[in-house]
file entry03.cif (mmCIF, C-alpha atoms)
data_final
loop_
_atom_site.label_atom_id
_atom_site.label_comp_id
_atom_site.auth_asym_id
_atom_site.auth_seq_id
_atom_site.Cartn_x
_atom_site.Cartn_y
_atom_site.Cartn_z
CA MET A 1 0.00 0.00 0.00
CA LYS A 2 1.20 3.49 -0.84
CA TYR A 3 0.22 6.16 1.64
CA GLY A 4 0.59 9.82 2.54
CA ILE A 5 0.83 11.60 5.90
CA VAL A 6 -0.51 15.07 6.64
CA GLY A 7 1.37 16.40 9.65
CA TYR A 8 4.37 14.25 8.73
CA SER A 9 6.87 15.99 11.03
CA GLY A 10 4.61 15.92 14.12
CA ARG A 11 4.63 13.35 16.91
CA MET A 12 1.72 11.35 15.48
CA GLY A 13 3.03 11.68 11.95
CA GLN A 14 6.32 10.09 12.95
CA GLU A 15 4.56 7.33 14.88
CA ILE A 16 2.32 6.58 11.89
CA GLN A 17 5.32 6.33 9.57
CA LYS A 18 7.07 3.95 11.99
CA VAL A 19 4.09 1.60 12.31
CA PHE A 20 3.22 1.65 8.58
CA SER A 21 6.84 1.10 7.47
CA GLU A 22 7.15 -1.91 9.79
CA LYS A 23 4.37 -3.50 7.71
CA GLY A 24 6.16 -2.73 4.46
CA HIS A 25 3.92 0.11 3.27
CA GLU A 26 5.48 2.87 1.15
CA LEU A 27 5.33 6.55 2.13
CA VAL A 28 4.88 8.57 -1.08
CA LEU A 29 3.33 11.83 0.18
CA LYS A 30 4.59 14.03 3.02
CA VAL A 31 2.70 17.14 4.11
CA ASP A 32 3.57 19.52 6.95
CA VAL A 33 3.83 23.24 7.67
CA ASN A 34 6.90 23.48 5.43
CA GLY A 35 5.08 22.25 2.34
CA VAL A 36 4.22 19.16 0.33
CA GLU A 37 6.61 16.46 -0.90
CA GLU A 38 5.02 14.26 -3.55
CA LEU A 39 6.94 11.09 -4.36
CA GLY A 40 4.12 9.07 -5.89
CA SER A 41 0.38 8.46 -5.91
CA PRO A 42 -0.98 7.32 -2.51
CA ASP A 43 -3.79 4.82 -2.08
CA VAL A 44 -4.63 6.36 1.30
CA VAL A 45 -3.88 9.65 3.07
CA VAL A 46 -3.63 9.70 6.88
CA ASP A 47 -4.24 12.99 8.72
CA PHE A 48 -3.95 13.39 12.50
CA SER A 49 -2.94 17.05 12.36
CA SER A 50 -5.33 19.98 12.84
CA PRO A 51 -8.70 21.14 11.47
CA GLU A 52 -6.92 23.96 9.65
CA ALA A 53 -5.10 21.40 7.48
CA LEU A 54 -8.28 19.68 6.31
CA PRO A 55 -8.94 21.73 3.14
CA LYS A 56 -5.47 20.82 1.82
CA THR A 57 -5.96 17.19 2.82
CA VAL A 58 -9.28 17.04 0.96
CA GLU A 59 -7.67 18.62 -2.09
CA LEU A 60 -4.92 15.97 -2.13
CA CYS A 61 -7.38 13.10 -1.67
CA LYS A 62 -9.38 14.32 -4.65
CA LYS A 63 -6.24 14.80 -6.74
CA TYR A 64 -5.02 11.24 -6.15
CA ARG A 65 -8.43 9.57 -5.68
CA ALA A 66 -7.01 8.42 -2.35
CA GLY A 67 -8.98 7.23 0.65
CA LEU A 68 -8.75 9.28 3.84
CA VAL A 69 -8.09 8.20 7.43
CA LEU A 70 -8.81 11.24 9.61
CA GLY A 71 -7.97 11.31 13.31
CA THR A 72 -8.11 15.07 13.77
CA THR A 73 -10.16 16.27 16.75
CA ALA A 74 -12.06 19.53 17.41
CA LEU A 75 -13.84 19.32 14.06
CA LYS A 76 -16.66 21.78 13.41
CA GLU A 77 -19.74 21.32 11.25
CA GLU A 78 -17.98 22.94 8.29
CA HIS A 79 -15.26 20.29 8.48
CA LEU A 80 -17.77 17.45 8.73
CA GLN A 81 -19.55 18.83 5.68
CA MET A 82 -16.26 18.79 3.77
CA LEU A 83 -15.86 15.12 4.70
CA ARG A 84 -19.38 14.28 3.59
CA GLU A 85 -18.70 15.88 0.22
CA LEU A 86 -15.34 14.12 -0.11
CA SER A 87 -16.93 10.76 0.72
CA LYS A 88 -18.97 11.00 -2.46
CA GLU A 89 -15.69 10.58 -4.37
CA VAL A 90 -13.42 8.48 -2.11
CA PRO A 91 -13.78 6.24 0.96
CA VAL A 92 -13.30 8.01 4.31
CA VAL A 93 -12.81 6.77 7.88
CA GLN A 94 -13.18 9.54 10.46
CA ALA A 95 -12.86 8.91 14.18
CA TYR A 96 -11.89 10.90 17.26
CA ASN A 97 -10.00 7.93 18.65
CA PHE A 98 -8.30 5.12 16.74
CA SER A 99 -7.67 2.97 19.81
CA ILE A 100 -9.30 -0.42 19.42
CA GLY A 101 -9.78 -0.56 23.19
CA ILE A 102 -11.70 2.72 23.32
CA ASN A 103 -14.07 1.54 20.62
CA VAL A 104 -14.66 -1.75 22.43
CA LEU A 105 -15.33 0.33 25.58
CA LYS A 106 -17.79 2.50 23.68
CA ARG A 107 -19.79 -0.56 22.64
CA PHE A 108 -19.68 -1.93 26.20
CA LEU A 109 -20.92 1.36 27.68
CA SER A 110 -23.90 1.47 25.34
CA GLU A 111 -25.03 -1.85 26.84
CA LEU A 112 -24.04 -1.14 30.45
CA VAL A 113 -26.01 2.12 30.62
CA LYS A 114 -29.20 0.17 29.90
CA VAL A 115 -28.68 -1.78 33.12
CA LEU A 116 -27.48 1.21 35.18
CA GLU A 117 -29.94 3.72 33.74
CA ASP A 118 -30.76 5.33 37.11
CA TRP A 119 -27.12 5.59 38.30
CA ASP A 120 -25.10 8.80 38.33
CA VAL A 121 -22.36 8.82 35.69
CA GLU A 122 -19.46 11.16 34.99
CA ILE A 123 -16.36 11.07 32.78
CA VAL A 124 -12.81 12.14 33.69
CA GLU A 125 -10.23 12.51 30.92
CA THR A 126 -6.53 13.35 31.24
CA HIS A 127 -4.17 14.33 28.43
CA HIS A 128 -0.75 15.95 27.93
CA ARG A 129 -0.34 19.67 28.49
CA PHE A 130 -0.10 20.37 24.74
CA LYS A 131 -3.59 19.12 23.86
CA LYS A 132 -5.64 22.16 22.93
CA ASP A 133 -9.23 20.92 22.90
CA ALA A 134 -11.21 20.09 26.03
CA PRO A 135 -13.15 17.96 26.57
CA SER A 136 -11.39 15.48 24.34
CA GLY A 137 -13.08 14.07 21.28
CA THR A 138 -12.84 10.65 22.93
CA ALA A 139 -14.70 11.83 26.03
CA ILE A 140 -17.44 13.18 23.77
CA LEU A 141 -17.45 9.83 21.94
CA LEU A 142 -17.93 7.96 25.22
CA GLU A 143 -20.66 10.38 26.26
CA SER A 144 -22.47 9.65 23.00
CA ALA A 145 -22.33 5.92 23.83
CA LEU A 146 -24.14 6.68 27.09
CA GLY A 147 -26.96 8.31 25.14
CA LYS A 148 -27.25 11.31 27.44
CA SER A 149 -25.38 14.42 28.54
CA VAL A 150 -23.06 13.79 31.51
CA PRO A 151 -20.45 15.92 33.33
CA ILE A 152 -16.98 15.67 31.76
CA HIS A 153 -13.87 16.71 33.73
CA SER A 154 -10.72 17.52 31.71
CA LEU A 155 -7.14 17.54 33.02
CA ARG A 156 -4.13 18.72 30.99
CA VAL A 157 -0.92 17.65 32.71
CA GLY A 158 2.54 16.42 31.77
CA GLY A 159 2.89 14.04 28.85
CA VAL A 160 -0.11 11.74 29.35
CA PRO A 161 -1.11 10.21 25.96
CA GLY A 162 -4.70 9.70 27.11
CA ASP A 163 -6.61 8.41 30.15
CA HIS A 164 -10.40 8.09 30.23
CA VAL A 165 -12.41 7.01 33.28
CA VAL A 166 -16.17 6.51 33.29
CA VAL A 167 -17.57 6.48 36.83
CA PHE A 168 -21.01 5.06 37.65
CA GLY A 169 -22.43 5.44 41.14
CA ASN A 170 -25.52 4.96 43.26
CA ILE A 171 -26.02 5.41 47.01
CA GLY A 172 -24.25 2.18 47.95
CA GLU A 173 -21.57 1.49 45.34
CA THR A 174 -19.53 2.77 42.43
CA ILE A 175 -18.12 1.26 39.25
CA GLU A 176 -15.09 2.77 37.52
CA ILE A 177 -14.17 1.75 33.99
CA LYS A 178 -10.78 3.00 32.81
CA HIS A 179 -8.90 3.02 29.54
CA ARG A 180 -5.27 4.12 29.39
CA ALA A 181 -3.30 4.74 26.22
CA ILE A 182 0.29 3.86 27.15
CA SER A 183 1.77 5.42 24.01
CA ARG A 184 0.74 6.99 20.72
CA THR A 185 1.57 3.71 19.01
CA VAL A 186 -1.94 2.45 19.79
CA PHE A 187 -3.47 5.18 17.62
CA ALA A 188 -1.04 4.52 14.77
CA ILE A 189 -1.94 0.81 14.86
CA GLY A 190 -5.62 1.75 14.60
CA ALA A 191 -4.87 4.10 11.72
CA LEU A 192 -3.06 1.25 9.96
CA LYS A 193 -6.09 -1.03 10.31
CA ALA A 194 -8.32 1.72 8.93
CA ALA A 195 -5.99 2.45 6.00
CA GLU A 196 -5.75 -1.21 5.01
CA PHE A 197 -9.54 -1.46 5.36
CA LEU A 198 -10.06 1.42 2.90
CA VAL A 199 -7.97 0.03 0.05
CA GLY A 200 -10.37 -1.04 -2.68
CA LYS A 201 -13.46 0.23 -0.84
CA ASP A 202 -16.21 2.17 -2.62
CA PRO A 203 -16.63 5.89 -1.84
CA GLY A 204 -18.51 6.57 1.38
CA MET A 205 -18.20 7.40 5.08
CA TYR A 206 -17.04 4.46 7.20
CA SER A 207 -16.78 4.40 10.99
CA PHE A 208 -13.85 2.94 12.89
CA GLU A 209 -16.34 0.56 14.49
CA GLU A 210 -16.96 -0.87 11.01
CA VAL A 211 -13.20 -1.34 10.63
CA ILE A 212 -13.04 -3.27 13.92
CA PHE A 213 -16.34 -5.12 14.06
CA GLY A 214 -17.29 -5.33 10.39
CA GLY A 215 -20.97 -5.12 9.53
CA GLU A 216 -22.27 -6.20 12.95
#
call {"tool": "encode", "arguments": {"input": "entry03.cif", "output": "structure tokens"}}
result
Amino acid sequence: MKYGIVGYSGRMGQEIQKVFSEKGHELVLKVDVNGVEELGSPDVVVDFSSPEALPKTVELCKKYRAGLVLGTTALKEEHLQMLRELSKEVPVVQAYNFSIGINVLKRFLSELVKVLEDWDVEIVETHHRFKKDAPSGTAILLESALGKSVPIHSLRVGGVPGDHVVVFGNIGETIEIKHRAISRTVFAIGALKAAEFLVGKDPGMYSFEEVIFGGE
């Protein structure tokens, strides 16, 4: 598979290249703040950079008829509309978290909340000091799995890749469910699964859950 990275020189960009190259995939498109280096025609473009980069990413996907794996957070409606338009021409996977564990947790929460429907529930998320958006896209994703609005507490400290804790409680007991990302590698592995999933797919919007669980 030939692929491109938007945000190539960033922390996630470097992690993505490492994981993809270990599987023998060829990097043919590098995009960062310094410009664009085009070495070939990518099958898939991977973008974990910033919302501001999305117009250029969309332009490149259209140019090369390349699928898009988008892990950028803090997207607004205008960005989502751009993705919907792009998905008419190429396949797109957009997710706020490419951790397989988080997406398994999301599915689990959607079932658990049916049993604990009258319990209090809150979410606590912790990320590194450089993360700009709060609450995290992942916390919002987990809230959506609960099917209702819940308090979300955001901490920005040190170099934490990502901790999410969902706390359920009633008068007599509490349940805490925690997911910890130990390194950024977990997100690059998820991006790899999504990229390989997109090769040969018809145009359209695909969720990361479809990548993991198929058509269930």
call {"tool": "closest_residue", "arguments": {"input": "entry03.cif", "among": "A:Val113, A:Val186, A:Ile5, A:Leu80", "to": "Asp47 of chain A", "atoms": "all atoms listed in the file"}}
result
A:Ile5
call {"tool": "closest_residue", "arguments": {"input": "entry03.cif", "among": "A:Ile182, A:Val104, A:Ile177, A:Ile123", "to": "Pro151 of chain A", "atoms": "all atoms listed in the file"}}
result
A:Ile123
call {"tool": "closest_residue", "arguments": {"input": "entry03.cif", "among": "A:Ile100, A:Val58, A:Met1, A:Leu198", "to": "Thr185 of chain A", "atoms": "only C-alpha atoms"}}
result
A:Ile100
call {"tool": "atom_distance", "arguments": {"input": "entry03.cif", "atom1": "atom CA of Leu83 of chain A", "atom2": "atom CA of Glu125 of chain A"}}
result
26.9 Å
call {"tool": "residues_around", "arguments": {"input": "entry03.cif", "residues": "Asn103 of chain A", "least_positions_apart": "2", "cutoff": "10 Å", "atoms": "all atoms listed in the file", "output": "MDAnalysis selection string"}}
result
chainID A and resid 95 97:101 105:109 138 141:142 145 208:209 212:213
call {"tool": "residues_around", "arguments": {"input": "entry03.cif", "residues": "Lys63 of chain A", "least_positions_apart": "2", "cutoff": "12 Å", "atoms": "only C-alpha atoms", "output": "list in words"}}
result
Glu38, Gly40, Ser41, Pro42, Asp43, Val44, Val45, Lys56, Thr57, Val58, Glu59, Leu60, Cys61, Arg65, Ala66, Gly67, Leu86, Glu89 and Val90 of chain A
call {"tool": "atom_distance", "arguments": {"input": "entry03.cif", "atom1": "atom CA of Lys88 of chain A", "atom2": "atom CA of Asp202 of chain A"}}
result
9.3 Å
call {"tool": "atom_distance", "arguments": {"input": "entry03.cif", "atom1": "atom CA of Glu117 of chain A", "atom2": "atom CA of Val211 of chain A"}}
result
29.0 Å
call {"tool": "resolve_selection", "arguments": {"input": "entry03.cif", "expression": "the PyMOL selection byres ((chain A and resi 21-33) around 8)", "output": "PyMOL selection string"}}
result
chain A and resi 1-9+17-20+34-42
call {"tool": "resolve_selection", "arguments": {"input": "entry03.cif", "expression": "the PyMOL selection byres ((chain A and resi 165) around 8)", "output": "VMD selection string"}}
result
chain A and resid 123 to 125 163 to 164 166 to 167 176 to 179
call {"tool": "resolve_selection", "arguments": {"input": "entry03.cif", "expression": "the PyMOL selection byres ((chain A and resi 118-120) around 8)", "output": "ChimeraX atom specification"}}
result
/A:116-117,121-122,168-170
call {"tool": "build_atoms", "arguments": {"input": "entry03.cif", "residues": "segment 185-197 of chain A", "atoms": "N, CA and C atoms", "output": "compact mmCIF listing (two decimals), in the coordinates of the input"}}
result
# COMPACT_ATOMS: atom_id res chain seq x y z
N THR A 185 1.53 4.83 19.94
CA THR A 185 1.57 3.71 19.01
C THR A 185 0.19 3.09 18.81
N VAL A 186 -0.61 3.06 19.87
CA VAL A 186 -1.94 2.45 19.79
C VAL A 186 -2.80 3.13 18.73
N PHE A 187 -2.67 4.46 18.61
CA PHE A 187 -3.47 5.18 17.62
C PHE A 187 -2.95 4.94 16.20
N ALA A 188 -1.63 4.81 16.08
CA ALA A 188 -1.04 4.52 14.77
C ALA A 188 -1.44 3.12 14.29
N ILE A 189 -1.51 2.17 15.21
CA ILE A 189 -1.94 0.81 14.86
C ILE A 189 -3.39 0.84 14.37
N GLY A 190 -4.24 1.61 15.04
CA GLY A 190 -5.62 1.75 14.60
C GLY A 190 -5.72 2.41 13.24
N ALA A 191 -4.88 3.43 13.02
CA ALA A 191 -4.87 4.10 11.72
C ALA A 191 -4.45 3.14 10.61
N LEU A 192 -3.50 2.26 10.93
CA LEU A 192 -3.06 1.25 9.96
C LEU A 192 -4.21 0.32 9.59
N LYS A 193 -4.95 -0.15 10.58
CA LYS A 193 -6.09 -1.03 10.31
C LYS A 193 -7.11 -0.32 9.42
N ALA A 194 -7.35 0.96 9.71
CA ALA A 194 -8.32 1.72 8.93
C ALA A 194 -7.83 1.93 7.50
N ALA A 195 -6.54 2.23 7.34
CA ALA A 195 -5.99 2.45 6.00
C ALA A 195 -6.07 1.19 5.16
N GLU A 196 -5.69 0.06 5.74
CA GLU A 196 -5.75 -1.21 5.01
C GLU A 196 -7.20 -1.58 4.68
N PHE A 197 -8.11 -1.23 5.58
CA PHE A 197 -9.54 -1.46 5.36
C PHE A 197 -10.04 -0.68 4.14
